[in-house]
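**Student:** start_39.cif is reproduced in full below (mmCIF, C-alpha atoms; chains and numbers go by the auth columns).
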data_protein
loop_
_atom_site.group_PDB
_atom_site.id
_atom_site.type_symbol
_atom_site.label_atom_id
_atom_site.label_comp_id
_atom_site.label_asym_id
_atom_site.label_seq_id
_atom_site.Cartn_x
_atom_site.Cartn_y
_atom_site.Cartn_z
_atom_site.B_iso_or_equiv
_atom_site.auth_seq_id
_atom_site.auth_asym_id
ATOM 1 C CA MET A 1 1.342 9.634 -0.703 0.00 259 A
ATOM 2 C CA ILE A 2 -0.765 6.672 -1.795 0.00 260 A
ATOM 3 C CA ILE A 3 0.052 3.374 -0.094 0.00 261 A
ATOM 4 C CA LEU A 4 -1.234 -0.052 -1.091 0.00 262 A
ATOM 5 C CA ASP A 5 -1.530 -2.709 1.602 0.00 263 A
ATOM 6 C CA THR A 6 -1.411 -6.462 0.934 0.00 264 A
ATOM 7 C CA SER A 7 -5.050 -6.697 -0.136 0.00 265 A
ATOM 8 C CA ALA A 8 -4.661 -3.777 -2.557 0.00 266 A
ATOM 9 C CA VAL A 9 -1.403 -5.190 -3.958 0.00 267 A
ATOM 10 C CA THR A 10 -3.110 -8.533 -4.581 0.00 268 A
ATOM 11 C CA ALA A 11 -6.071 -6.795 -6.225 0.00 269 A
ATOM 12 C CA LEU A 12 -3.759 -4.749 -8.470 0.00 270 A
ATOM 13 C CA ALA A 13 -1.932 -7.900 -9.577 0.00 271 A
ATOM 14 C CA ASP A 14 -5.263 -9.634 -10.240 0.00 272 A
ATOM 15 C CA GLY A 15 -6.412 -6.842 -12.575 0.00 273 A
ATOM 16 C CA HIS A 16 -8.630 -4.726 -10.276 0.00 274 A
ATOM 17 C CA LYS A 17 -10.083 -2.245 -12.778 0.00 275 A
ATOM 18 C CA THR A 18 -9.888 0.913 -10.661 0.00 276 A
ATOM 19 C CA LEU A 19 -6.420 0.181 -9.281 0.00 277 A
ATOM 20 C CA ASN A 20 -5.106 -0.596 -12.761 0.00 278 A
ATOM 21 C CA LEU A 21 -6.565 2.689 -14.032 0.00 279 A
ATOM 22 C CA LEU A 22 -4.974 4.531 -11.125 0.00 280 A
ATOM 23 C CA ALA A 23 -1.565 2.910 -11.739 0.00 281 A
ATOM 24 C CA GLY A 24 -1.781 3.738 -15.440 0.00 282 A
ATOM 25 C CA ASN A 25 -2.781 7.351 -14.818 0.00 283 A
ATOM 26 C CA MET A 26 -0.036 7.851 -12.247 0.00 284 A
ATOM 27 C CA ALA A 27 2.546 6.611 -14.739 0.00 285 A
ATOM 28 C CA HIS A 28 1.767 9.704 -16.834 0.00 286 A
ATOM 29 C CA THR A 29 2.196 12.137 -13.940 0.00 287 A
ATOM 30 C CA PRO A 30 5.825 12.898 -13.041 0.00 288 A
ATOM 31 C CA GLY A 31 6.584 12.290 -9.382 0.00 289 A
ATOM 32 C CA ASP A 32 3.382 10.405 -8.616 0.00 290 A
ATOM 33 C CA ARG A 33 3.706 6.824 -7.486 0.00 291 A
ATOM 34 C CA LEU A 34 1.956 4.052 -5.645 0.00 292 A
ATOM 35 C CA ASN A 35 3.976 3.011 -2.605 0.00 293 A
ATOM 36 C CA ILE A 36 3.966 -0.618 -1.552 0.00 294 A
ATOM 37 C CA PRO A 37 5.450 -1.476 1.842 0.00 295 A
ATOM 38 C CA ALA A 38 8.034 -4.249 1.377 0.00 296 A
ATOM 39 C CA LEU A 39 6.282 -6.532 3.870 0.00 297 A
ATOM 40 C CA CYS A 40 2.979 -6.129 1.987 0.00 298 A
ATOM 41 C CA LEU A 41 4.672 -7.137 -1.256 0.00 299 A
ATOM 42 C CA MET A 42 6.297 -10.076 0.538 0.00 300 A
ATOM 43 C CA GLN A 43 2.982 -11.266 2.006 0.00 301 A
ATOM 44 C CA ALA A 44 1.167 -10.914 -1.315 0.00 302 A
ATOM 45 C CA GLU A 45 3.916 -12.839 -3.129 0.00 303 A
ATOM 46 C CA ALA A 46 3.791 -15.576 -0.477 0.00 304 A
ATOM 47 C CA GLY A 47 0.119 -16.032 -1.318 0.00 305 A
ATOM 48 C CA GLN A 48 0.438 -15.969 -5.099 0.00 306 A
ATOM 49 C CA GLU A 49 3.423 -16.977 -7.211 0.00 307 A
ATOM 50 C CA ASN A 50 4.804 -14.284 -9.564 0.00 308 A
ATOM 51 C CA LEU A 51 2.467 -11.631 -8.169 0.00 309 A
ATOM 52 C CA SER A 52 5.404 -9.295 -7.588 0.00 310 A
ATOM 53 C CA ARG A 53 6.360 -9.422 -11.277 0.00 311 A
ATOM 54 C CA ARG A 54 2.900 -8.273 -12.324 0.00 312 A
ATOM 55 C CA VAL A 55 2.818 -5.465 -9.774 0.00 313 A
ATOM 56 C CA LEU A 56 6.376 -4.243 -10.308 0.00 314 A
ATOM 57 C CA ALA A 57 5.749 -4.046 -14.059 0.00 315 A
ATOM 58 C CA PHE A 58 3.831 -0.811 -13.415 0.00 316 A
ATOM 59 C CA SER A 59 6.243 2.110 -13.733 0.00 317 A
ATOM 60 C CA SER A 60 4.246 4.047 -11.129 0.00 318 A
ATOM 61 C CA VAL A 61 4.901 1.466 -8.380 0.00 319 A
ATOM 62 C CA ALA A 62 7.663 1.908 -5.807 0.00 320 A
ATOM 63 C CA VAL A 63 8.522 -0.399 -2.926 0.00 321 A
ATOM 64 C CA ASP A 64 8.948 1.217 0.470 0.00 322 A
ATOM 65 C CA PRO A 65 11.899 -0.602 2.079 0.00 323 A
ATOM 66 C CA LEU A 66 12.045 -1.974 5.585 0.00 324 A
ATOM 67 C CA ASP A 67 15.093 -0.079 6.805 0.00 325 A
ATOM 68 C CA THR A 68 16.506 -0.087 10.341 0.00 326 A
ATOM 69 C CA VAL A 69 14.160 2.547 11.766 0.00 327 A
ATOM 70 C CA ALA A 70 11.135 1.019 10.037 0.00 328 A
ATOM 71 C CA ALA A 71 12.025 -2.472 11.283 0.00 329 A
ATOM 72 C CA ALA A 72 12.221 -1.295 14.892 0.00 330 A
ATOM 73 C CA SER A 73 8.997 0.719 14.594 0.00 331 A
ATOM 74 C CA VAL A 74 7.072 -2.078 12.861 0.00 332 A
ATOM 75 C CA GLY A 75 8.305 -4.548 15.483 0.00 333 A
ATOM 76 C CA THR A 76 7.016 -2.259 18.230 0.00 334 A
ATOM 77 C CA MET A 77 3.628 -1.964 16.511 0.00 335 A
ATOM 78 C CA ILE A 78 3.360 -5.749 16.212 0.00 336 A
ATOM 79 C CA ARG A 79 4.279 -6.196 19.884 0.00 337 A
ATOM 80 C CA ASP A 80 1.720 -3.537 20.865 0.00 338 A
ATOM 81 C CA GLY A 81 -1.036 -5.415 19.036 0.00 339 A
ATOM 82 C CA TYR A 82 -1.599 -3.283 15.940 0.00 340 A
ATOM 83 C CA GLY A 83 -1.669 -6.323 13.661 0.00 341 A
ATOM 84 C CA SER A 84 0.431 -8.573 11.469 0.00 342 A
ATOM 85 C CA PRO A 85 3.853 -7.563 10.086 0.00 343 A
ATOM 86 C CA ASP A 86 2.445 -6.469 6.714 0.00 344 A
ATOM 87 C CA THR A 87 -0.404 -4.503 8.310 0.00 345 A
ATOM 88 C CA CYS A 88 2.019 -2.773 10.662 0.00 346 A
ATOM 89 C CA HIS A 89 4.420 -1.917 7.824 0.00 347 A
ATOM 90 C CA ALA A 90 1.530 -0.355 5.885 0.00 348 A
ATOM 91 C CA LEU A 91 0.539 1.561 9.014 0.00 349 A
ATOM 92 C CA TYR A 92 4.142 2.714 9.504 0.00 350 A
ATOM 93 C CA CYS A 93 4.295 3.920 5.882 0.00 351 A
ATOM 94 C CA ALA A 94 1.106 5.937 6.409 0.00 352 A
ATOM 95 C CA LEU A 95 2.631 7.895 9.293 0.00 353 A
ATOM 96 C CA PRO A 96 3.876 11.456 8.636 0.00 354 A
ATOM 97 C CA ARG A 97 7.389 11.658 7.164 0.00 355 A
ATOM 98 C CA PRO A 98 9.823 14.511 6.641 0.00 356 A
ATOM 99 C CA GLU A 99 10.074 13.842 2.882 0.00 357 A
ATOM 100 C CA PHE A 100 6.303 14.001 2.397 0.00 358 A
ATOM 101 C CA THR A 101 4.280 16.781 3.990 0.00 359 A
ATOM 102 C CA GLY A 102 0.815 15.835 2.731 0.00 360 A
ATOM 103 C CA MET A 103 -1.710 13.359 4.047 0.00 361 A
ATOM 104 C CA SER A 104 -1.092 9.701 3.219 0.00 362 A
ATOM 105 C CA ILE A 105 -3.936 7.586 1.855 0.00 363 A
ATOM 106 C CA LEU A 106 -3.890 3.866 2.521 0.00 364 A
ATOM 107 C CA LEU A 107 -5.732 1.836 -0.116 0.00 365 A
ATOM 108 C CA THR A 108 -7.036 -1.426 1.285 0.00 366 A
ATOM 109 C CA GLY A 109 -9.665 -4.105 1.006 0.00 367 A
ATOM 110 C CA HIS A 110 -9.799 -4.289 4.825 0.00 368 A
ATOM 111 C CA ASP A 111 -10.115 -0.778 6.237 0.00 369 A
ATOM 112 C CA ASP A 112 -11.233 -2.219 9.578 0.00 370 A
ATOM 113 C CA ALA A 113 -7.657 -3.552 10.064 0.00 371 A
ATOM 114 C CA TYR A 114 -6.344 -0.055 10.798 0.00 372 A
ATOM 115 C CA PRO A 115 -6.842 2.146 13.869 0.00 373 A
ATOM 116 C CA PRO A 116 -8.911 5.335 13.836 0.00 374 A
ATOM 117 C CA GLY A 117 -7.026 8.336 12.502 0.00 375 A
ATOM 118 C CA VAL A 118 -5.451 6.496 9.582 0.00 376 A
ATOM 119 C CA VAL A 119 -6.942 7.642 6.279 0.00 377 A
ATOM 120 C CA THR A 120 -8.029 4.461 4.521 0.00 378 A
ATOM 121 C CA VAL A 121 -9.969 4.081 1.298 0.00 379 A
ATOM 122 C CA ASP A 122 -11.674 0.816 0.458 0.00 380 A
ATOM 123 C CA ILE A 123 -10.558 -0.313 -2.997 0.00 381 A
ATOM 124 C CA ASP A 124 -14.111 -1.438 -3.785 0.00 382 A
ATOM 125 C CA ALA A 125 -15.858 1.712 -2.555 0.00 383 A
ATOM 126 C CA PRO A 126 -18.000 3.407 -5.202 0.00 384 A
ATOM 127 C CA GLY A 127 -16.114 6.398 -6.537 0.00 385 A
ATOM 128 C CA MET A 128 -12.805 5.343 -4.993 0.00 386 A
ATOM 129 C CA LEU A 129 -10.434 8.283 -5.529 0.00 387 A
ATOM 130 C CA GLY A 130 -12.912 9.886 -7.908 0.00 388 A
ATOM 131 C CA PHE A 131 -13.211 6.950 -10.330 0.00 389 A
ATOM 132 C CA HIS A 132 -16.695 5.602 -11.051 0.00 390 A
#
Write out the structure in this file as structure tokens.
**Tutor:**
Amino acid sequence: MIILDTSAVTALADGHKTLNLLAGNMAHTPGDRLNIPALCLMQAEAGQENLSRRVLAFSSVAVDPLDTVAAASVGTMIRDGYGSPDTCHALYCALPRPEFTGMSILLTGHDDAYPPGVVTVDIDAPGMLGFH
């Protein structure tokens, strides 16, 4: 599962070349999608009007909701000092889930915001996800 945090969502909306290529390519692959935690979308929209419209226009984008279990877990992470609400929701989404057995990849512009053990990829890293 590929997850975009607030910085990656903002970059996608602003036309980040590699992220736009990735979103376009994933639209042609059935079942593949970019997952955006709801609190990351909220934070990005709070910083830039109409950002959500640009991001949600990609057919490969899906919003990961903040349901009851997620809300309680994210609240615990915030209380325990793992970061802001959007960072903690992205971290929660990167945790193993029954519906997805593979390894989650968290795309971010701030990989130092996440604890060790979380697979993060810097959106500006050369060769990010194989694109040059």
**Student:** Can you translate the PyMOL selection byres ((chain A and resi 349) around 10) into the concrete residues it hits in this file, as a list in words?
**Tutor:**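 With the PyMOL selection byres ((chain A and resi 349) around 10) on this model, the match is Ile261, Asp263, Pro295, Val332, Met335, Tyr340, Gly341, Pro343, Asp344, Thr345, Cys346, His347, Ala348, Tyr350, Cys351, Ala352, Leu353, Leu364, Ala371, Tyr372, Pro373 and Val376 of chain A.
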**Student:** Convert the output of the PyMOL selection byres ((chain A and resi 321) around 9) on the shown file into explicit residues, formatted as a ChimeraX atom specification.
**Tutor:** /A:292-296,299,314,319-320,322-323
**Student:** If we count all atoms listed in the file, what is near A:Gly282 at a cut-off of 12 Å, once residues fewer than 6 positions away on the same chain are taken out, given as a list in words?
**Tutor:** Leu270, Gly273, Lys275, Thr276, Asp290, Arg291, Leu292, Val313, Ala315, Phe316, Ser317, Ser318 and Val319 of chain A
**Student:** Could you state which residues are captured by the PyMOL selection byres ((chain A and resi 369) around 7) in this file, as an NGL selection string?
**Tutor:** :A and (366-368 or 370-372 or 378-380)
**Student:** Hey, can you check how far atom CA of A:Leu277 sits from atom CA of A:Ile381?
**Tutor:** 7.5 Å
**Student:** Work out how far apart atom CA of A:Leu309 and atom CA of A:Ala271 are and give it in Å to one decimal.
**Tutor:**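 Separating atom CA of A:Leu309 from atom CA of A:Ala271 is a distance of 5.9 Å.
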**Student:** With distances taken over only C-alpha atoms, which residue among A:Val377, A:Met361, A:Ala281, A:Leu324 lies nearest A:Met300?
**Tutor:**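 Residue with the minimum atom-to-atom distance to A:Met300: A:Leu324.
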**Student:** Return the single residue from A:Asp325, A:Leu365, A:Asn283, A:Thr359 that is closest to A:Asp382, with distances computed using all atoms listed in the file.
**Tutor:** A:Leu365
**Student:** So how many Å separate atom CA of A:Ile336 and atom CA of A:Glu357, to one decimal?
**Tutor:** 24.6 Å
**Student:** Could you work out an axis-aligned bounding box for all listed atoms of stretch 352-358 of chain A, with 8 Å added on each of the six sides, and give its centre and edge lengths in Å to one decimal, as JSON?
**Tutor:**
{"center_x": 5.6, "center_y": 10.2, "center_z": 5.8, "size_x": 25.0, "size_y": 24.6, "size_z": 22.9}
**Student:** Using all atoms listed in the file for the distances, tell me which of A:Gln301, A:Leu279, A:Gly289, A:Thr326 is nearest to A:Val267.
**Tutor:**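 Closest to A:Val267 of all the choices is A:Gln301.
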**Student:** Rank nothing, just name the residue among A:Gly375, A:Leu280, A:Asp272, A:Ala328 nearest to A:Ser362, using all atoms listed in the file.
**Tutor:**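 Of A:Gly375, A:Leu280, A:Asp272, A:Ala328, the one nearest A:Ser362, counting all atoms listed in the file, is A:Gly375.
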